[in-house]
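Have a look at target24.txt; it's compact mmCIF, C-alpha atoms:
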# COMPACT_ATOMS: atom_id res chain seq x y z
CA MET A 1 11.60 -10.07 -85.53
CA TYR A 2 9.27 -11.53 -88.12
CA TRP A 3 7.06 -8.51 -88.94
CA ASN A 4 7.91 -5.56 -91.23
CA SER A 5 5.42 -3.09 -89.77
CA PHE A 6 3.00 -2.73 -86.89
CA SER A 7 -0.03 -2.62 -89.22
CA GLU A 8 1.09 -5.90 -90.76
CA PHE A 9 1.28 -7.34 -87.24
CA LEU A 10 -2.24 -6.14 -86.48
CA ALA A 11 -3.65 -7.46 -89.77
CA MET A 12 -2.27 -10.98 -89.16
CA GLY A 13 -2.54 -11.67 -92.88
CA SER A 14 -6.33 -11.05 -92.98
CA HIS A 15 -6.82 -13.29 -89.91
CA GLY A 16 -6.62 -10.37 -87.48
CA LEU A 17 -10.18 -10.67 -86.21
CA TYR A 18 -9.74 -14.34 -85.33
CA VAL A 19 -6.28 -14.06 -83.81
CA TRP A 20 -7.01 -10.91 -81.77
CA GLY A 21 -10.45 -12.20 -80.85
CA SER A 22 -8.73 -15.20 -79.26
CA VAL A 23 -5.98 -13.16 -77.59
CA GLY A 24 -8.47 -10.59 -76.29
CA VAL A 25 -10.93 -12.99 -74.69
CA MET A 26 -8.19 -15.14 -73.18
CA THR A 27 -6.42 -12.08 -71.73
CA VAL A 28 -9.63 -10.66 -70.27
CA ALA A 29 -10.55 -14.03 -68.75
CA MET A 30 -7.11 -14.55 -67.23
CA ILE A 31 -7.15 -11.06 -65.68
CA LEU A 32 -10.77 -11.19 -64.53
CA GLU A 33 -10.46 -14.54 -62.71
CA PRO A 34 -7.74 -13.47 -60.23
CA VAL A 35 -9.33 -10.02 -59.80
CA LEU A 36 -12.64 -11.63 -58.82
CA LEU A 37 -10.82 -14.05 -56.52
CA ILE A 38 -9.03 -11.22 -54.70
CA LYS A 39 -12.33 -9.37 -54.36
CA GLY A 40 -14.05 -12.50 -53.00
CA GLN A 41 -11.22 -13.15 -50.54
CA LYS A 42 -11.37 -9.54 -49.26
CA GLU A 43 -15.15 -9.69 -48.85
CA LEU A 44 -14.94 -12.99 -46.99
CA ILE A 45 -12.22 -11.73 -44.64
CA SER A 46 -14.14 -8.55 -43.81
CA ARG A 47 -17.29 -10.61 -43.17
CA LEU A 48 -15.41 -13.03 -40.90
CA LYS A 49 -13.77 -10.11 -39.09
CA ARG A 50 -17.19 -8.52 -38.48
CA GLN A 51 -18.52 -11.81 -37.10
CA PHE A 52 -15.41 -12.28 -34.97
CA ARG A 53 -15.71 -8.78 -33.45
CA ALA A 54 -19.43 -9.27 -32.83
CA GLU A 55 -18.79 -12.56 -31.01
CA ARG A 56 -15.98 -11.01 -28.96
CA SER A 57 -18.10 -8.11 -27.77
CA GLU A 58 -20.95 -10.51 -26.98
CA GLN A 59 -18.54 -12.62 -24.90
CA ARG A 60 -17.30 -9.51 -23.11
CA VAL A 61 -20.87 -8.49 -22.23
CA GLY A 62 -21.50 -12.05 -21.02
CA ARG A 63 -18.33 -12.05 -18.89
CA ASN A 64 -19.20 -8.71 -17.31
CA ALA A 65 -22.66 -9.97 -16.49
CA ASP A 66 -21.16 -13.13 -14.90
CA ARG A 67 -18.81 -11.01 -12.86
CA ALA A 68 -21.62 -8.70 -11.78
CA THR A 69 -23.98 -11.45 -10.60
CA PRO A 70 -21.98 -13.07 -7.73
CA SER A 71 -20.92 -9.74 -6.21
CA GLN A 72 -24.52 -8.69 -6.04
CA GLY A 73 -25.74 -12.04 -4.71
CA MET B 1 9.59 -36.54 -35.12
CA SER B 2 12.32 -35.45 -37.53
CA ASN B 3 10.95 -37.87 -40.09
CA LYS B 4 10.40 -36.34 -43.56
CA GLN B 5 7.04 -38.05 -43.98
CA ILE B 6 5.66 -36.29 -40.95
CA ASN B 7 6.65 -32.93 -42.45
CA TRP B 8 4.71 -33.76 -45.58
CA PHE B 9 1.62 -34.74 -43.70
CA LYS B 10 1.90 -31.51 -41.76
CA PHE B 11 1.18 -29.56 -44.94
CA ALA B 12 -1.86 -31.69 -45.66
CA SER B 13 -3.68 -29.90 -42.85
CA PRO B 14 -5.40 -26.63 -43.79
CA GLN B 15 -3.80 -24.60 -41.02
CA ALA B 16 -0.30 -25.45 -42.26
CA PHE B 17 -1.22 -25.23 -45.93
CA TYR B 18 -2.93 -21.83 -45.71
CA PRO B 19 0.20 -19.74 -44.96
CA LEU B 20 2.37 -21.94 -47.21
CA ALA B 21 0.01 -21.35 -50.15
CA GLY B 22 0.03 -17.63 -49.38
CA ARG B 23 3.81 -17.56 -49.64
CA MET B 24 3.87 -19.60 -52.87
CA ILE B 25 1.26 -17.58 -54.83
CA PRO B 26 3.53 -14.59 -55.76
CA TRP B 27 6.19 -16.98 -57.07
CA PHE B 28 3.73 -18.73 -59.36
CA TRP B 29 2.46 -15.35 -60.61
CA GLY B 30 6.03 -14.29 -61.34
CA LEU B 31 6.78 -17.49 -63.24
CA ALA B 32 3.49 -17.22 -65.16
CA ALA B 33 4.41 -13.70 -66.27
CA VAL B 34 7.95 -14.66 -67.32
CA PHE B 35 6.85 -17.75 -69.27
CA GLY B 36 3.85 -15.94 -70.75
CA ILE B 37 5.85 -12.97 -72.02
CA ALA B 38 8.56 -15.25 -73.44
CA GLY B 39 6.01 -17.58 -75.08
CA LEU B 40 3.93 -14.79 -76.61
CA TYR B 41 7.10 -13.01 -77.77
CA ILE B 42 8.26 -16.11 -79.62
CA GLY B 43 4.78 -17.02 -80.83
CA PHE B 44 3.68 -13.61 -82.08
CA LEU B 45 6.89 -11.77 -82.90
CA VAL B 46 9.55 -14.33 -83.80
CA ALA B 47 7.87 -17.45 -85.21
CA PRO B 48 7.48 -17.48 -88.99
CA THR B 49 4.16 -17.91 -90.75
CA ASP B 50 2.66 -21.35 -91.35
CA ALA B 51 2.87 -22.56 -94.95
CA GLN B 52 -0.70 -23.90 -95.02
CA GLN B 53 -2.60 -21.76 -92.55
CA GLY B 54 -1.00 -18.34 -92.88
CA GLU B 55 -0.98 -16.13 -89.79
CA GLY B 56 -4.20 -17.60 -88.41
CA TYR B 57 -2.21 -20.54 -87.07
CA ARG B 58 -0.87 -18.28 -84.29
CA ILE B 59 -4.04 -19.09 -82.35
CA ILE B 60 -2.23 -22.38 -81.62
CA PHE B 61 -0.16 -20.57 -78.96
CA LEU B 62 -3.35 -20.01 -76.97
CA HIS B 63 -5.57 -22.87 -78.09
CA VAL B 64 -3.24 -25.79 -77.38
CA PRO B 65 -2.18 -24.63 -73.88
CA ALA B 66 -5.82 -23.91 -72.97
CA SER B 67 -6.91 -27.35 -74.19
CA TRP B 68 -4.08 -29.16 -72.41
CA MET B 69 -4.87 -27.35 -69.17
CA SER B 70 -8.59 -28.11 -69.44
CA MET B 71 -7.80 -31.84 -69.62
CA PHE B 72 -4.94 -31.85 -67.14
CA ILE B 73 -6.81 -29.82 -64.50
CA TYR B 74 -9.66 -32.33 -64.78
CA LEU B 75 -7.27 -35.20 -64.05
CA VAL B 76 -5.79 -33.37 -61.05
CA MET B 77 -9.28 -32.47 -59.82
CA ALA B 78 -10.41 -36.10 -60.11
CA PHE B 79 -7.21 -37.23 -58.34
CA TRP B 80 -7.93 -34.96 -55.34
CA ALA B 81 -11.59 -35.92 -55.39
CA GLY B 82 -10.68 -39.62 -55.36
CA LEU B 83 -8.17 -39.09 -52.57
CA GLY B 84 -10.85 -37.33 -50.56
CA LEU B 85 -13.30 -40.12 -51.17
CA ALA B 86 -10.80 -42.81 -50.14
CA PHE B 87 -9.06 -41.18 -47.18
CA ASN B 88 -11.37 -38.34 -46.16
CA PHE B 89 -8.57 -35.74 -46.07
CA ARG B 90 -9.96 -32.30 -45.32
CA LEU B 91 -7.69 -30.66 -47.87
CA SER B 92 -8.54 -32.83 -50.87
CA GLY B 93 -12.17 -31.79 -51.24
CA MET B 94 -11.13 -28.16 -51.01
CA MET B 95 -8.48 -28.69 -53.69
CA ALA B 96 -10.98 -30.30 -56.06
CA SER B 97 -13.45 -27.44 -55.55
CA ALA B 98 -10.69 -24.89 -56.08
CA LEU B 99 -9.63 -26.42 -59.41
CA ALA B 100 -13.06 -26.81 -61.03
CA PRO B 101 -13.76 -23.15 -62.01
CA THR B 102 -10.28 -22.72 -63.48
CA GLY B 103 -10.66 -25.96 -65.44
CA ALA B 104 -14.04 -24.81 -66.71
CA LEU B 105 -12.49 -21.50 -67.78
CA PHE B 106 -9.77 -23.29 -69.76
CA ALA B 107 -12.33 -25.61 -71.37
CA PHE B 108 -14.33 -22.55 -72.41
CA LEU B 109 -11.20 -20.81 -73.73
CA SER B 110 -10.25 -23.94 -75.65
CA LEU B 111 -13.66 -23.96 -77.35
CA TRP B 112 -13.61 -20.20 -77.93
CA THR B 113 -10.15 -20.07 -79.49
CA GLY B 114 -10.97 -23.26 -81.38
CA ALA B 115 -14.08 -21.66 -82.89
CA LEU B 116 -12.07 -18.60 -83.92
CA TRP B 117 -9.49 -20.89 -85.47
CA GLY B 118 -12.04 -23.15 -87.14
CA LYS B 119 -13.88 -20.36 -88.91
CA PRO B 120 -10.99 -19.19 -91.16
CA MET B 121 -9.53 -22.71 -91.62
CA TRP B 122 -12.61 -24.94 -92.00
CA GLY B 123 -15.22 -22.29 -92.77
CA ALA B 124 -17.26 -23.20 -89.68
CA TRP B 125 -17.28 -21.93 -86.09
CA TRP B 126 -18.46 -25.29 -84.86
CA VAL B 127 -18.88 -28.84 -86.14
CA TRP B 128 -20.15 -31.88 -84.22
CA ASP B 129 -16.81 -33.56 -84.57
CA ALA B 130 -15.49 -36.06 -81.99
CA ARG B 131 -12.77 -33.78 -80.63
CA LEU B 132 -15.00 -30.71 -80.35
CA THR B 133 -17.96 -32.58 -78.92
CA SER B 134 -15.92 -34.38 -76.26
CA GLU B 135 -14.29 -31.08 -75.23
CA LEU B 136 -17.78 -29.56 -74.92
CA ILE B 137 -18.74 -32.49 -72.69
CA LEU B 138 -15.67 -31.71 -70.56
CA LEU B 139 -16.97 -28.16 -70.09
CA PHE B 140 -20.37 -29.59 -69.08
CA LEU B 141 -18.68 -31.95 -66.60
CA TYR B 142 -16.94 -29.01 -64.95
CA VAL B 143 -20.17 -27.00 -64.85
CA GLY B 144 -22.03 -30.04 -63.51
CA PHE B 145 -19.41 -30.55 -60.79
CA ILE B 146 -19.65 -26.92 -59.70
CA ALA B 147 -23.48 -26.91 -59.80
CA LEU B 148 -23.74 -30.20 -57.89
CA GLN B 149 -21.39 -29.01 -55.15
CA SER B 150 -23.14 -25.68 -54.75
CA ALA B 151 -26.53 -27.41 -54.55
CA ILE B 152 -25.50 -29.35 -51.40
CA ASP B 153 -25.19 -27.32 -48.19
CA ASP B 154 -23.03 -29.70 -46.18
CA PRO B 155 -19.49 -29.33 -47.61
CA ARG B 156 -18.50 -32.92 -46.72
CA ARG B 157 -21.47 -34.36 -48.59
CA ALA B 158 -20.93 -31.90 -51.45
CA ASP B 159 -17.34 -33.15 -51.70
CA LYS B 160 -18.46 -36.78 -51.88
CA ALA B 161 -21.13 -36.19 -54.51
CA GLY B 162 -18.76 -34.04 -56.55
CA ALA B 163 -16.01 -36.65 -56.25
CA ILE B 164 -18.19 -39.38 -57.75
CA LEU B 165 -19.15 -37.13 -60.67
CA ALA B 166 -15.51 -36.14 -61.19
CA LEU B 167 -14.34 -39.77 -61.15
CA VAL B 168 -17.03 -40.98 -63.54
CA GLY B 169 -16.20 -38.09 -65.88
CA VAL B 170 -12.52 -39.05 -66.05
CA VAL B 171 -13.39 -41.49 -68.84
CA ASN B 172 -13.96 -38.46 -71.07
CA VAL B 173 -10.36 -37.24 -70.88
CA PRO B 174 -8.75 -40.07 -72.88
CA ILE B 175 -11.68 -39.86 -75.29
CA ILE B 176 -10.80 -36.21 -75.96
CA TYR B 177 -7.10 -36.96 -76.21
CA PHE B 178 -7.36 -39.90 -78.60
CA SER B 179 -10.45 -38.72 -80.49
CA VAL B 180 -8.34 -37.50 -83.41
CA LYS B 181 -6.84 -40.99 -83.73
CA TRP B 182 -9.91 -43.11 -83.09
CA TRP B 183 -12.31 -41.31 -85.40
CA ASN B 184 -12.06 -39.47 -88.68
CA THR B 185 -12.26 -35.91 -87.51
CA LEU B 186 -12.02 -32.48 -89.06
CA HIS B 187 -9.75 -31.51 -86.18
CA GLN B 188 -6.08 -31.92 -87.02
CA GLY B 189 -3.99 -34.54 -85.27
CA SER B 190 -1.80 -33.62 -82.33
CA SER B 191 1.19 -31.43 -83.14
CA VAL B 192 3.13 -32.74 -80.19
CA SER B 193 3.12 -36.34 -79.04
CA LEU B 194 5.04 -38.36 -76.51
CA THR B 195 5.88 -41.13 -78.94
CA LYS B 196 7.12 -39.34 -82.04
CA SER B 197 9.09 -36.19 -82.74
CA PRO B 198 6.94 -33.06 -83.10
CA SER B 199 5.60 -32.22 -86.54
CA MET B 200 6.25 -28.51 -86.15
CA ALA B 201 9.16 -26.09 -86.41
CA MET B 202 11.31 -25.72 -83.29
CA THR B 203 10.51 -22.01 -82.82
CA MET B 204 6.77 -22.73 -82.90
CA LEU B 205 7.22 -25.64 -80.53
CA TRP B 206 9.14 -23.50 -78.04
CA GLY B 207 6.58 -20.73 -78.21
CA MET B 208 3.81 -23.22 -77.54
CA LEU B 209 5.61 -24.98 -74.69
CA LEU B 210 6.40 -21.67 -72.98
CA CYS B 211 2.77 -20.57 -73.29
CA ALA B 212 1.69 -23.93 -71.86
CA LEU B 213 4.09 -23.49 -68.92
CA ALA B 214 2.66 -20.00 -68.33
CA CYS B 215 -0.84 -21.49 -68.21
CA TRP B 216 0.36 -24.11 -65.71
CA MET B 217 1.80 -21.47 -63.41
CA TYR B 218 -1.34 -19.36 -63.81
CA ALA B 219 -3.57 -22.32 -62.96
CA ILE B 220 -1.53 -23.17 -59.85
CA ALA B 221 -1.52 -19.55 -58.66
CA VAL B 222 -5.26 -19.14 -59.18
CA ALA B 223 -6.11 -22.52 -57.63
CA LEU B 224 -4.02 -21.69 -54.55
CA MET B 225 -5.79 -18.34 -54.22
CA ARG B 226 -9.18 -20.01 -54.45
CA VAL B 227 -8.29 -22.82 -52.06
CA ARG B 228 -7.29 -20.24 -49.45
CA THR B 229 -10.70 -18.59 -49.69
CA ILE B 230 -12.44 -21.96 -49.46
CA MET B 231 -10.32 -22.89 -46.41
CA LEU B 232 -11.21 -19.71 -44.52
CA GLU B 233 -14.89 -20.12 -45.34
CA ARG B 234 -15.11 -23.79 -44.38
CA GLU B 235 -12.86 -23.68 -41.33
CA ARG B 236 -14.16 -20.38 -39.97
CA HIS B 237 -15.11 -21.95 -36.63
CA THR B 238 -11.75 -23.64 -36.05
CA ASP B 239 -9.05 -22.35 -33.73
CA TRP B 240 -6.54 -21.58 -36.45
CA VAL B 241 -8.93 -19.35 -38.44
CA ARG B 242 -9.95 -17.60 -35.24
CA ALA B 243 -6.28 -17.05 -34.40
CA GLU B 244 -5.76 -15.69 -37.92
CA LEU B 245 -8.75 -13.35 -37.44
CA ARG B 246 -7.58 -12.23 -34.03
CA GLU B 247 -4.31 -11.18 -35.61
CA LEU B 248 -6.18 -9.29 -38.34
CA CYS B 249 -8.54 -7.56 -35.89
CA GLU B 250 -5.91 -6.73 -33.26
CA PRO B 251 -2.65 -6.36 -35.20
CA ALA B 252 -0.47 -4.92 -32.39
CA GLY B 253 -0.79 -7.88 -30.03
CA GLY B 254 -4.34 -6.93 -29.04
CA GLU B 255 -5.88 -6.15 -25.69
Structure rendered as structure tokens:
Amino acid sequence: MYWNSFSEFLAMGSHGLYVWGSVGVMTVAMILEPVLLIKGQKELISRLKRQFRAERSEQRVGRNADRATPSQG
Amino acid sequence: MSNKQINWFKFASPQAFYPLAGRMIPWFWGLAAVFGIAGLYIGFLVAPTDAQQGEGYRIIFLHVPASWMSMFIYLVMAFWAGLGLAFNFRLSGMMASALAPTGALFAFLSLWTGALWGKPMWGAWWVWDARLTSELILLFLYVGFIALQSAIDDPRRADKAGAILALVGVVNVPIIYFSVKWWNTLHQGSSVSLTKSPSMAMTMLWGMLLCALACWMYAIAVALMRVRTIMLERERHTDWVRAELRELCEPAGGE
């Protein structure tokens, strides 16, 4: 271990602002990107599922109507 | 049909690649975490101070990997874009689109960490130096690629237009890489080169290489996640996506 104390580690020899400013932004960016991707993927899947269900129920209504017509005619 | 080549081509189709990518993502996240923790441990806790730059040099463990990734992702993106343009593979355009935002992020991070490194060392956040300016152009190329693709509704045409921009922009990558050699710049020369032994202590080098590997694994994981979303969106009318959705809507075998 190179450092003598935690405060020395935080101070980074008077360059703390620059070093931690870099670490902070890079960490936030590299957490935010996958989080947003997971959120986007979930939203897309729920949208596609909604569309899929809507189409299925439409088809079912259509099929029932088809079945109903010849028996009546 | 037991030919190896056929197996490879199988994974070039979205329906085979989608589940494969899904299985690979956790592994790349795991590797990114392991390499990242090891690299940051060495870089921030073990490596000694730099004789000239003091502790501020530790930004190198973030700045160099981010810069490498920004250039490398561009090359990979242009490779996929070119492949798509030449052979019209469905997957290649999606791959190029999936890589662009991550590349742009790394270009931004390279500039950001560079500014925070430049201020204490040179006394300036920014200078219009060859290295810095060409990296800024790289960021603009990424942003231009993303903007151009999102401005065109038809994904196939968007892929083609984006591919041409990506391929023209490739010329910028060697300019960035060699800028410190070709021009007199404020930016220091490369610390690691393929032709001569590195001009830095072994501990520092290891810390930097591990951080770079972590960024690689991160970029692959994130690109695979994004390409999966793009695949579902673009192929939503195909049989395989509908089969996937049927499974999600009716998990227990359905009606």
Would you tabulate, counting all atoms listed in the file, all residues of chain B that have an atom at most 9 Å from an atom of chain A, showing the closest pair of atoms and their distance in Å to one decimal, sorted by chain then ascending number, as CSV?
residue,atom,partner,partner_atom,distance
B:Phe44,CA,A:Phe9,CA,8.5
B:Leu45,CA,A:Met1,CA,5.7
B:Val46,CA,A:Met1,CA,5.0
B:Ala47,CA,A:Tyr2,CA,6.7
B:Pro48,CA,A:Tyr2,CA,6.3
B:Thr49,CA,A:Tyr2,CA,8.6
B:Gly54,CA,A:Gly13,CA,6.8
B:Glu55,CA,A:Met12,CA,5.3
B:Gly56,CA,A:His15,CA,5.3
B:Tyr57,CA,A:Val19,CA,8.3
B:Arg58,CA,A:Val19,CA,6.9
B:Ile59,CA,A:Val19,CA,5.7
B:Leu62,CA,A:Val23,CA,7.4
B:His63,CA,A:Ser22,CA,8.4
B:Thr102,CA,A:Glu33,CA,8.2
B:Leu105,CA,A:Ala29,CA,7.8
B:Phe106,CA,A:Met26,CA,9.0
B:Leu109,CA,A:Met26,CA,6.4
B:Trp112,CA,A:Ser22,CA,7.1
B:Thr113,CA,A:Ser22,CA,5.1
B:Gly114,CA,A:Ser22,CA,8.6
B:Ala115,CA,A:Tyr18,CA,8.9
B:Leu116,CA,A:Tyr18,CA,5.1
B:Trp117,CA,A:Tyr18,CA,6.6
B:Lys119,CA,A:Tyr18,CA,8.1
B:Pro120,CA,A:His15,CA,7.3
B:Tyr218,CA,A:Met30,CA,8.3
B:Ala221,CA,A:Pro34,CA,8.8
B:Val222,CA,A:Pro34,CA,6.3
B:Met225,CA,A:Leu37,CA,7.0
B:Arg226,CA,A:Leu37,CA,6.5
B:Arg228,CA,A:Gln41,CA,8.2
B:Thr229,CA,A:Gln41,CA,5.5
B:Ile230,CA,A:Gln41,CA,9.0
B:Leu232,CA,A:Ile45,CA,8.0
B:Glu233,CA,A:Leu44,CA,7.3
B:Arg236,CA,A:Leu48,CA,7.5
B:Arg242,CA,A:Phe52,CA,7.6
B:Leu245,CA,A:Lys49,CA,6.2
B:Arg246,CA,A:Phe52,CA,7.9
B:Leu248,CA,A:Lys49,CA,7.7
B:Cys249,CA,A:Lys49,CA,6.6
> Near B:Ala81, counting only C-alpha atoms, which residues have an atom at most 10 Å away, once you skip same-chain residues fewer than 6 positions from it, shown as a ChimeraX atom specification?
Replying inline: /B:75,88-89,91-97,159-167
> For the atom pair atom CA of B:Glu135 and atom CA of B:Phe108, what is the interatomic distance in Å to one decimal place?
Replying inline: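 Separation between atom CA of B:Glu135 and atom CA of B:Phe108: 9.0 Å.
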> What separation in Å, quoted to one decimal, exists between atom CA of B:Phe79 and atom CA of B:Asn172?
Replying inline: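 It comes out at 14.5 Å.
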> What does the distance between atom CA of B:Ala212 and atom CA of B:Gln188 come to in Å, to one decimal place?
Replying inline: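 Here the two named atoms are 18.8 Å from each other.
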Taking all listed atoms of stretch 26-31 of chain A, build the axis-aligned box, pad each of the six sides by 5 Å, then write its centre and edge lengths in Å to one decimal as AutoDock Vina command-line options.
--center_x -8.5 --center_y -12.9 --center_z -69.4 --size_x 14.1 --size_y 14.5 --size_z 17.5
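Near (-0.1, -17.3, -55.6), the residues that fall inside 9 Å on the basis of only C-alpha atoms are Ala21, Gly22, Arg23, Met24, Ile25, Pro26, Trp27, Phe28, Trp29, Gly30, Tyr218, Ile220, Ala221, Val222, Ala223, Leu224 and Met225 of chain B.
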Quick one: everything within 12 Å of B:Ile137, counting only C-alpha atoms, minus sequence neighbours fewer than 6 positions away in the same chain. Send it as a PDB file with C-alpha atoms, in the coordinates of the input.
ATOM      1  CA  SER B  70      -8.590 -28.110 -69.440  1.00  0.00           C
ATOM      2  CA  MET B  71      -7.800 -31.840 -69.620  1.00  0.00           C
ATOM      3  CA  ALA B 104     -14.040 -24.810 -66.710  1.00  0.00           C
ATOM      4  CA  ALA B 107     -12.330 -25.610 -71.370  1.00  0.00           C
ATOM      5  CA  PHE B 108     -14.330 -22.550 -72.410  1.00  0.00           C
ATOM      6  CA  LEU B 111     -13.660 -23.960 -77.350  1.00  0.00           C
ATOM      7  CA  TRP B 128     -20.150 -31.880 -84.220  1.00  0.00           C
ATOM      8  CA  ALA B 130     -15.490 -36.060 -81.990  1.00  0.00           C
ATOM      9  CA  ARG B 131     -12.770 -33.780 -80.630  1.00  0.00           C
ATOM     10  CA  VAL B 143     -20.170 -27.000 -64.850  1.00  0.00           C
ATOM     11  CA  GLY B 144     -22.030 -30.040 -63.510  1.00  0.00           C
ATOM     12  CA  GLY B 169     -16.200 -38.090 -65.880  1.00  0.00           C
ATOM     13  CA  VAL B 170     -12.520 -39.050 -66.050  1.00  0.00           C
ATOM     14  CA  VAL B 171     -13.390 -41.490 -68.840  1.00  0.00           C
ATOM     15  CA  ASN B 172     -13.960 -38.460 -71.070  1.00  0.00           C
ATOM     16  CA  VAL B 173     -10.360 -37.240 -70.880  1.00  0.00           C
ATOM     17  CA  ILE B 175     -11.680 -39.860 -75.290  1.00  0.00           C
ATOM     18  CA  ILE B 176     -10.800 -36.210 -75.960  1.00  0.00           C
TER      19      ILE B 176
END
>> For a quick check of your reading of the model, name the residues lying within 8 Å of the coordinate (7.6, -20.5, -78.6), counting all atoms listed in the file, and write them as a PyMOL selection string.
In response: chain B and resi 38-43+47+61+202-211
